[in-house]
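coords11.tsv (TSV, C-alpha atoms) appears below.
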chain	number	residue	atom	x	y	z
Z	1	TRP	CA	-60.14	-40.12	-102.94
Z	2	ASP	CA	-60.56	-38.28	-99.64
Z	3	CYS	CA	-58.22	-40.73	-97.92
Z	4	PHE	CA	-55.32	-39.88	-100.23
Z	5	GLU	CA	-53.24	-36.73	-100.07
Z	6	PHE	CA	-51.08	-35.16	-102.77
Z	7	THR	CA	-48.47	-32.47	-102.41
Z	8	HIS	CA	-46.90	-30.34	-105.18
Z	9	HIS	CA	-43.31	-29.08	-105.06
Z	10	LYS	CA	-41.62	-26.20	-106.86
Z	11	ILE	CA	-39.21	-28.17	-109.05
Z	12	PHE	CA	-39.87	-27.61	-112.77
Z	13	PRO	CA	-37.16	-28.74	-115.22
Z	14	LEU	CA	-37.80	-26.87	-118.45
Z	15	ASN	CA	-37.04	-29.81	-120.72
Z	16	MET	CA	-39.59	-32.17	-119.16
Z	17	THR	CA	-42.97	-33.09	-120.59
Z	18	SER	CA	-46.17	-32.41	-118.70
Z	19	SER	CA	-46.46	-36.06	-117.63
Z	20	ASP	CA	-42.85	-36.10	-116.43
Z	21	PHE	CA	-43.44	-32.88	-114.54
Z	22	GLN	CA	-46.51	-34.28	-112.85
Z	23	SER	CA	-44.75	-37.44	-111.67
Z	24	SER	CA	-41.63	-35.59	-110.48
Z	25	THR	CA	-43.49	-32.95	-108.47
Z	26	LEU	CA	-46.04	-35.15	-106.69
Z	27	THR	CA	-45.86	-36.95	-103.40
Z	28	TRP	CA	-48.42	-39.45	-102.19
Z	29	HIS	CA	-49.30	-41.14	-98.95
Z	30	ASN	CA	-52.16	-43.20	-97.56
Z	31	PRO	CA	-52.70	-42.47	-93.86
Z	32	HIS	CA	-55.32	-45.25	-93.69
Z	33	PHE	CA	-52.91	-48.04	-94.56
Z	34	PRO	CA	-52.52	-50.53	-91.67
Z	35	GLY	CA	-49.49	-49.62	-89.58
Z	36	TYR	CA	-48.95	-46.27	-91.35
Z	37	PRO	CA	-46.38	-44.70	-91.33
Z	38	GLN	CA	-44.33	-47.61	-89.93
Z	39	LEU	CA	-43.75	-50.12	-92.74
Z	40	THR	CA	-41.77	-53.29	-93.32
Z	41	LYS	CA	-40.01	-54.51	-96.43
Z	42	GLN	CA	-42.95	-56.84	-97.11
Z	43	SER	CA	-45.66	-54.24	-96.53
Z	44	ALA	CA	-43.81	-51.40	-98.35
Z	45	LEU	CA	-44.45	-52.94	-101.78
Z	46	ALA	CA	-48.13	-53.49	-100.96
Z	47	TYR	CA	-48.29	-49.89	-99.75
Z	48	PHE	CA	-46.80	-48.64	-103.01
Z	49	CYS	CA	-48.89	-50.89	-105.29
Z	50	ASN	CA	-52.07	-48.91	-104.82
Z	51	VAL	CA	-54.16	-47.95	-107.86
Z	52	HIS	CA	-54.58	-44.46	-106.40
Z	53	ASN	CA	-50.82	-43.98	-106.24
Z	54	PRO	CA	-49.94	-41.70	-109.20
Z	55	PHE	CA	-46.55	-43.41	-109.51
Z	56	TYR	CA	-48.05	-46.87	-109.82
Z	57	ASP	CA	-48.96	-48.48	-113.17
Z	58	ALA	CA	-52.21	-50.39	-112.67
Z	59	SER	CA	-51.43	-52.59	-115.69
Z	60	SER	CA	-48.24	-53.89	-114.08
Z	61	LEU	CA	-47.51	-57.52	-113.33
Z	62	ASN	CA	-47.78	-56.70	-109.63
Z	63	GLU	CA	-51.40	-55.67	-110.13
Z	64	GLN	CA	-52.16	-58.82	-112.12
Z	65	ILE	CA	-50.76	-60.93	-109.29
Z	66	LYS	CA	-52.93	-59.08	-106.78
Z	67	THR	CA	-56.18	-59.03	-108.72
Z	68	GLN	CA	-55.96	-62.41	-110.47
Z	69	GLY	CA	-54.38	-64.35	-107.64
Z	70	LEU	CA	-51.34	-65.34	-109.70
Z	71	SER	CA	-48.11	-66.63	-108.25
Z	72	GLU	CA	-45.28	-64.17	-107.64
Z	73	ASP	CA	-43.07	-66.47	-109.69
Z	74	ILE	CA	-44.48	-64.65	-112.71
Z	75	LEU	CA	-42.21	-61.73	-111.84
Z	76	ARG	CA	-39.16	-63.90	-112.47
Z	77	SER	CA	-40.63	-65.92	-115.29
Z	78	ASN	CA	-39.37	-65.79	-118.88
Z	79	GLU	CA	-42.86	-66.30	-120.23
Z	80	VAL	CA	-44.45	-62.88	-119.68
Z	81	GLU	CA	-43.59	-59.30	-120.46
Z	82	GLY	CA	-44.67	-56.18	-118.63
Z	83	ILE	CA	-44.00	-53.66	-115.90
Z	84	ARG	CA	-42.96	-54.83	-112.45
Z	85	TYR	CA	-42.03	-53.15	-109.17
Z	86	ASP	CA	-39.62	-54.43	-106.57
Z	87	VAL	CA	-38.14	-53.23	-103.28
Z	88	ASN	CA	-34.42	-52.78	-103.84
Z	89	SER	CA	-33.32	-51.86	-100.35
Z	90	ALA	CA	-34.81	-50.82	-97.04
Z	91	LEU	CA	-33.97	-49.14	-93.76
Z	92	GLU	CA	-36.93	-50.31	-91.78
Z	93	PRO	CA	-39.23	-48.82	-90.73
Z	94	ARG	CA	-38.63	-45.40	-92.35
Z	95	LEU	CA	-36.97	-45.69	-95.76
Z	96	PHE	CA	-37.65	-48.02	-98.70
Z	97	ILE	CA	-36.25	-47.86	-102.25
Z	98	ILE	CA	-38.53	-49.16	-104.99
Z	99	SER	CA	-37.52	-49.69	-108.63
Z	100	LYS	CA	-39.69	-49.87	-111.70
Z	101	TYR	CA	-38.65	-52.35	-114.41
Z	102	GLU	CA	-40.00	-53.44	-117.76
Z	103	LYS	CA	-39.58	-57.11	-118.61
Z	104	ARG	CA	-39.08	-57.50	-122.34
Z	105	ARG	CA	-37.55	-59.99	-124.73
Z	106	ASP	CA	-33.88	-59.68	-125.47
Z	107	GLU	CA	-33.33	-57.93	-128.82
Z	108	SER	CA	-30.79	-60.54	-129.86
Z	109	GLY	CA	-33.48	-63.21	-129.92
Z	110	ALA	CA	-31.56	-65.40	-127.50
Z	111	THR	CA	-33.39	-68.20	-125.71
Z	112	VAL	CA	-32.97	-70.09	-122.44
Z	113	GLN	CA	-34.08	-73.55	-121.40
Z	114	ALA	CA	-37.04	-73.66	-119.05
Z	115	PRO	CA	-37.33	-76.19	-116.19
Z	116	ASN	CA	-39.70	-78.25	-118.37
Z	117	GLY	CA	-37.01	-78.51	-121.05
Z	118	ARG	CA	-38.58	-76.10	-123.51
Z	119	GLN	CA	-36.72	-73.18	-125.03
Z	120	GLN	CA	-38.04	-69.78	-123.94
Z	121	PRO	CA	-37.12	-66.24	-125.02
Z	122	LEU	CA	-34.49	-64.59	-122.86
Z	123	MET	CA	-36.03	-61.73	-120.86
Z	124	ARG	CA	-34.28	-58.54	-119.88
Z	125	ASP	CA	-35.22	-56.10	-117.12
Z	126	GLU	CA	-34.97	-52.48	-118.28
Z	127	HIS	CA	-34.76	-50.07	-115.37
Z	128	LEU	CA	-37.28	-47.26	-115.89
Z	129	ALA	CA	-37.50	-45.27	-112.65
Z	130	MET	CA	-36.85	-45.24	-108.94
Z	131	TYR	CA	-39.07	-44.21	-106.06
Z	132	TYR	CA	-38.60	-44.04	-102.33
Z	133	ILE	CA	-40.91	-44.16	-99.34
Z	134	LEU	CA	-39.79	-41.97	-96.45
Z	135	ASP	CA	-41.90	-41.99	-93.30
Z	136	GLY	CA	-44.89	-43.19	-95.28
Z	137	VAL	CA	-44.61	-40.60	-98.06
Z	138	VAL	CA	-43.88	-41.75	-101.62
Z	139	TYR	CA	-41.52	-39.65	-103.75
Z	140	GLN	CA	-40.05	-40.13	-107.19
Z	141	ALA	CA	-36.26	-40.09	-107.10
Z	142	PRO	CA	-34.84	-36.97	-108.80
Z	143	ILE	CA	-33.73	-37.27	-112.39
Z	144	LEU	CA	-30.23	-36.31	-113.49
Z	145	TYR	CA	-31.51	-32.88	-114.59
Z	146	ASP	CA	-32.69	-32.07	-111.07
Z	147	VAL	CA	-29.41	-33.15	-109.49
Z	148	ILE	CA	-27.27	-31.12	-111.90
Z	149	ASP	CA	-29.61	-28.12	-111.68
Z	150	ALA	CA	-29.42	-28.13	-107.88
Z	151	ARG	CA	-25.61	-28.33	-107.99
Z	152	ILE	CA	-25.40	-25.45	-110.47
Z	153	GLN	CA	-27.76	-23.30	-108.42
Z	154	ASN	CA	-25.63	-23.87	-105.31
Z	155	CYS	CA	-22.46	-22.95	-107.25
Z	156	MET	CA	-24.06	-19.82	-108.69
Z	157	THR	CA	-25.16	-18.70	-105.22
Z	158	ASP	CA	-21.65	-19.13	-103.82
Z	159	LEU	CA	-20.06	-17.36	-106.81
Z	160	GLU	CA	-22.45	-14.43	-106.44
Z	161	LYS	CA	-21.51	-14.02	-102.78
Z	162	ILE	CA	-17.80	-14.16	-103.62
Z	163	LEU	CA	-18.11	-11.56	-106.38
Z	164	VAL	CA	-20.03	-9.17	-104.12
Z	165	GLU	CA	-17.34	-9.46	-101.43
Z	166	MET	CA	-14.52	-9.05	-103.96
Z	167	GLN	CA	-15.94	-5.77	-105.24
Z	168	ASP	CA	-14.88	-4.11	-101.98
Z	169	CYS	CA	-11.31	-5.39	-102.44
Z	170	LEU	CA	-10.71	-3.89	-105.90
Z	171	ARG	CA	-8.16	-1.07	-105.94
Z	172	LEU	CA	-6.72	1.29	-108.56
Z	173	GLY	CA	-2.93	1.42	-108.75
Z	174	VAL	CA	-0.77	4.51	-109.35
Z	175	ASP	CA	-0.09	3.33	-112.90
Z	176	GLY	CA	-3.77	3.08	-113.74
Z	177	THR	CA	-4.04	-0.68	-113.39
Z	178	HIS	CA	-6.36	-2.51	-111.01
Z	179	TYR	CA	-5.33	-4.92	-108.29
Z	180	TRP	CA	-6.92	-6.82	-105.40
Z	181	GLN	CA	-6.43	-5.82	-101.77
Z	182	PHE	CA	-7.77	-8.44	-99.39
Z	183	PRO	CA	-7.93	-8.11	-95.60
Z	184	GLY	CA	-4.47	-8.67	-94.10
Z	185	ASP	CA	-2.63	-7.79	-97.32
Z	186	GLU	CA	-1.88	-4.14	-96.48
Z	187	GLU	CA	1.88	-4.66	-96.09
Z	188	LEU	CA	2.09	-6.61	-99.32
Z	189	VAL	CA	0.08	-3.94	-101.09
Z	190	ARG	CA	2.43	-1.21	-99.86
Z	191	LYS	CA	5.43	-3.10	-101.21
Z	192	GLU	CA	3.76	-3.75	-104.53
Z	193	THR	CA	2.69	-0.10	-104.78
Z	194	ALA	CA	6.26	1.10	-104.15
Z	195	LYS	CA	7.54	-1.33	-106.75
Z	196	LEU	CA	4.99	-0.12	-109.29
Z	197	ARG	CA	5.90	3.49	-108.53
Z	198	ASP	CA	9.60	2.78	-109.16
Z	199	GLU	CA	8.81	0.93	-112.35
Z	200	TYR	CA	6.61	3.81	-113.47
Z	201	THR	CA	9.43	6.33	-112.81
Z	202	ILE	CA	11.92	4.24	-114.77
Z	203	ARG	CA	9.44	3.86	-117.59
Z	204	GLU	CA	8.87	7.62	-117.68
Z	205	ARG	CA	12.60	8.21	-117.95
Z	206	SER	CA	12.94	5.69	-120.73
Z	207	MET	CA	10.53	7.75	-122.81
Z	208	TYR	CA	13.36	10.14	-123.82
Z	209	PRO	CA	15.43	9.35	-126.94
Z	210	THR	CA	18.64	7.39	-126.45
Z	211	HIS	CA	20.92	10.22	-127.57
Z	212	VAL	CA	19.31	12.55	-125.01
Z	213	GLN	CA	19.80	10.00	-122.25
Z	214	ASN	CA	23.45	9.54	-123.31
Z	215	HIS	CA	24.02	13.32	-123.37
Z	216	VAL	CA	22.56	13.74	-119.89
Z	217	ALA	CA	24.66	10.83	-118.60
Z	218	ALA	CA	27.81	12.42	-120.09
Z	219	LEU	CA	26.99	15.78	-118.47
Z	220	ILE	CA	26.49	14.13	-115.11
Z	221	GLN	CA	29.80	12.28	-115.46
Z	222	GLN	CA	31.60	15.49	-116.43
Z	223	MET	CA	30.09	17.37	-113.50
Z	224	GLU	CA	31.16	14.62	-111.12
Z	225	HIS	CA	34.72	14.74	-112.53
Z	226	GLU	CA	34.96	18.55	-112.28
Z	227	THR	CA	33.66	18.45	-108.75
Z	228	TYR	CA	36.24	15.82	-107.85
Z	229	VAL	CA	39.09	17.87	-109.39
Z	230	GLU	CA	37.93	21.04	-107.66
Z	231	LEU	CA	37.78	19.35	-104.29
Z	232	LYS	CA	41.22	17.77	-104.77
Z	233	ASP	CA	42.79	21.15	-105.73
Z	234	LYS	CA	41.24	22.77	-102.69
Z	235	GLN	CA	42.60	20.08	-100.42
Z	236	ASP	CA	46.12	20.40	-101.95
Z	237	SER	CA	46.02	24.17	-101.54
Z	238	GLU	CA	45.04	23.90	-97.87
Z	239	LYS	CA	47.84	21.42	-97.20
Z	240	GLN	CA	50.39	23.68	-98.94
Z	241	GLU	CA	49.24	26.67	-96.91
Z	242	GLU	CA	49.50	24.67	-93.69
Z	243	LEU	CA	53.08	23.61	-94.52
Z	244	THR	CA	54.05	27.21	-95.30
Z	245	GLN	CA	52.73	28.42	-91.96
Z	246	GLN	CA	54.67	25.71	-90.13
Z	247	ASN	CA	57.93	26.66	-91.92
Z	248	ASN	CA	57.51	30.37	-91.11
Z	249	GLY	CA	57.04	29.57	-87.43
Z	250	THR	CA	60.22	27.55	-87.34
Z	251	HIS	CA	62.36	30.34	-88.83
Z	252	THR	CA	61.01	32.90	-86.34
Z	253	LYS	CA	62.16	30.83	-83.35
Rewrite the structure from the file as structure tokens, please.
Amino acid sequence: WDCFEFTHHKIFPLNMTSSDFQSSTLTWHNPHFPGYPQLTKQSALAYFCNVHNPFYDASSLNEQIKTQGLSEDILRSNEVEGIRYDVNSALEPRLFIISKYEKRRDESGATVQAPNGRQQPLMRDEHLAMYYILDGVVYQAPILYDVIDARIQNCMTDLEKILVEMQDCLRLGVDGTHYWQFPGDEELVRKETAKLRDEYTIRERSMYPTHVQNHVAALIQQMEHETYVELKDKQDSEKQEELTQQNNGTHTK
């Protein structure tokens, strides 16, 4: 066991079992593997299929092929059931994607004809998990919980920053309501404040009863009329006085 190294991470989905937690938080690598950490698509599966690898099922068909000297055709055969591993894709020599399947009989009971003419049960591959090897280190691919949790945490962090910054932009208006003042909005805020002030003044005036407002309006109209009449009489009197003075001057000559 001294030649194998394990590393724990700090991801702990609350709804996972202890076995799920162990497999999702472990990494494994074997620095004594020939060619480590440079692998090929052919050697990557052999690297993964190690009984000391915590992600590897030692009862799998891959292990039976290795220990019993069976043909790899058993992986594609319709005669056996069990767990199998396969390399899905690779970016040699650094990255390899490995899938875990379970070969089982189709629930419908369907059969297929074998090359020897016999009818055999139809087998289905159920995808159980995915793993990847990156620079010689084996990881289990994150489950949907981890992906969603990471996205939510990123969103919450951004929202928290936004809310902290927005607190400095909150203002109290003259009418007691709150509004936002962001950098560069000073002119707009001044216009909105003046508009609110005018609306507040009009609203204050509208608090008086209608008959009081009508009475005040009538008084203002009457005062405007009396002022107009007074000014007109004064102008007529001045004109009459000017004409009188002109007539007196003419008679004197």
- Find the residue from Z:Arg118, Z:Lys191, Z:Arg124, Z:Arg94 that sits nearest to Z:Pro37; use all atoms listed in the file when measuring. Z:Arg94
- Note on the structure: Here atom CA of Z:Ile133 and atom CA of Z:Ala44 stand apart by 7.9 Å
- Could you check how far atom CA of Z:Phe48 sits from atom CA of Z:Phe33, in Å to one decimal?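 So the answer is 10.4 Å.
Distance-wise, atom CA of Z:His29 and atom CA of Z:Val137 end up 4.8 Å apart.
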- Message: Need the shell around Z:Ser108: protein/DNA/RNA residues with any atom at most 12 Å away, counting only C-alpha atoms. Skip same-chain ones fewer than 6 positions apart. Format as a PyMOL selection string?
- Response: chain Z and resi 121-124
Residue contacts of stretch 51-67 of chain Z (7 Å, only C-alpha atoms) excluding same-chain residues fewer than 5 positions away, as a PDB file with C-alpha atoms, keeping the file's coordinate frame:
ATOM      1  CA  SER Z  23     -44.750 -37.440-111.670  1.00  0.00           C
ATOM      2  CA  TRP Z  28     -48.420 -39.450-102.190  1.00  0.00           C
ATOM      3  CA  GLU Z  72     -45.280 -64.170-107.640  1.00  0.00           C
ATOM      4  CA  LEU Z  75     -42.210 -61.730-111.840  1.00  0.00           C
ATOM      5  CA  GLY Z  82     -44.670 -56.180-118.630  1.00  0.00           C
ATOM      6  CA  ILE Z  83     -44.000 -53.660-115.900  1.00  0.00           C
ATOM      7  CA  ARG Z  84     -42.960 -54.830-112.450  1.00  0.00           C
ATOM      8  CA  TYR Z  85     -42.030 -53.150-109.170  1.00  0.00           C
TER       9      TYR Z  85
END
- So which one's closest to Z:Phe96, Z:Asp135, Z:Glu241, Z:Glu79, Z:Glu165? Using all atoms listed in the file, please. Z:Asp135
- Item | Who sits within 6 Å of Z:Arg171, all atoms listed in the file, same chain under 4 positions skipped, as a PyMOL selection string | chain Z and resi 178-180
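Proximity of Z:Asn248, Z:Ser43, Z:Gln120, Z:Gln68 to Z:Val80, computed with only C-alpha atoms, is greatest for Z:Gln120.
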- Of the candidates Z:Asn50, Z:Gln153, Z:Gln140, Z:Gln38, which shows the shortest atom-to-atom distance to Z:Glu92, using only C-alpha atoms?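 Once distances to Z:Glu92 are computed over only C-alpha atoms, the minimum belongs to Z:Gln38.
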- Query: Given the choices Z:Gly136, Z:Leu45, Z:Arg76, Z:Glu126, which gets closest to Z:Ile98 if the distance is worked out from only C-alpha atoms?
  - Reply: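 Going through Z:Gly136, Z:Leu45, Z:Arg76, Z:Glu126 one by one, the smallest distance to Z:Ile98 is for Z:Leu45.
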- Message: I need the residue nearest Z:Val138 from this list: Z:Arg151, Z:Thr227, Z:Ile97, Z:Val112. Use all atoms listed in the file for the distance.
- Response: Z:Ile97
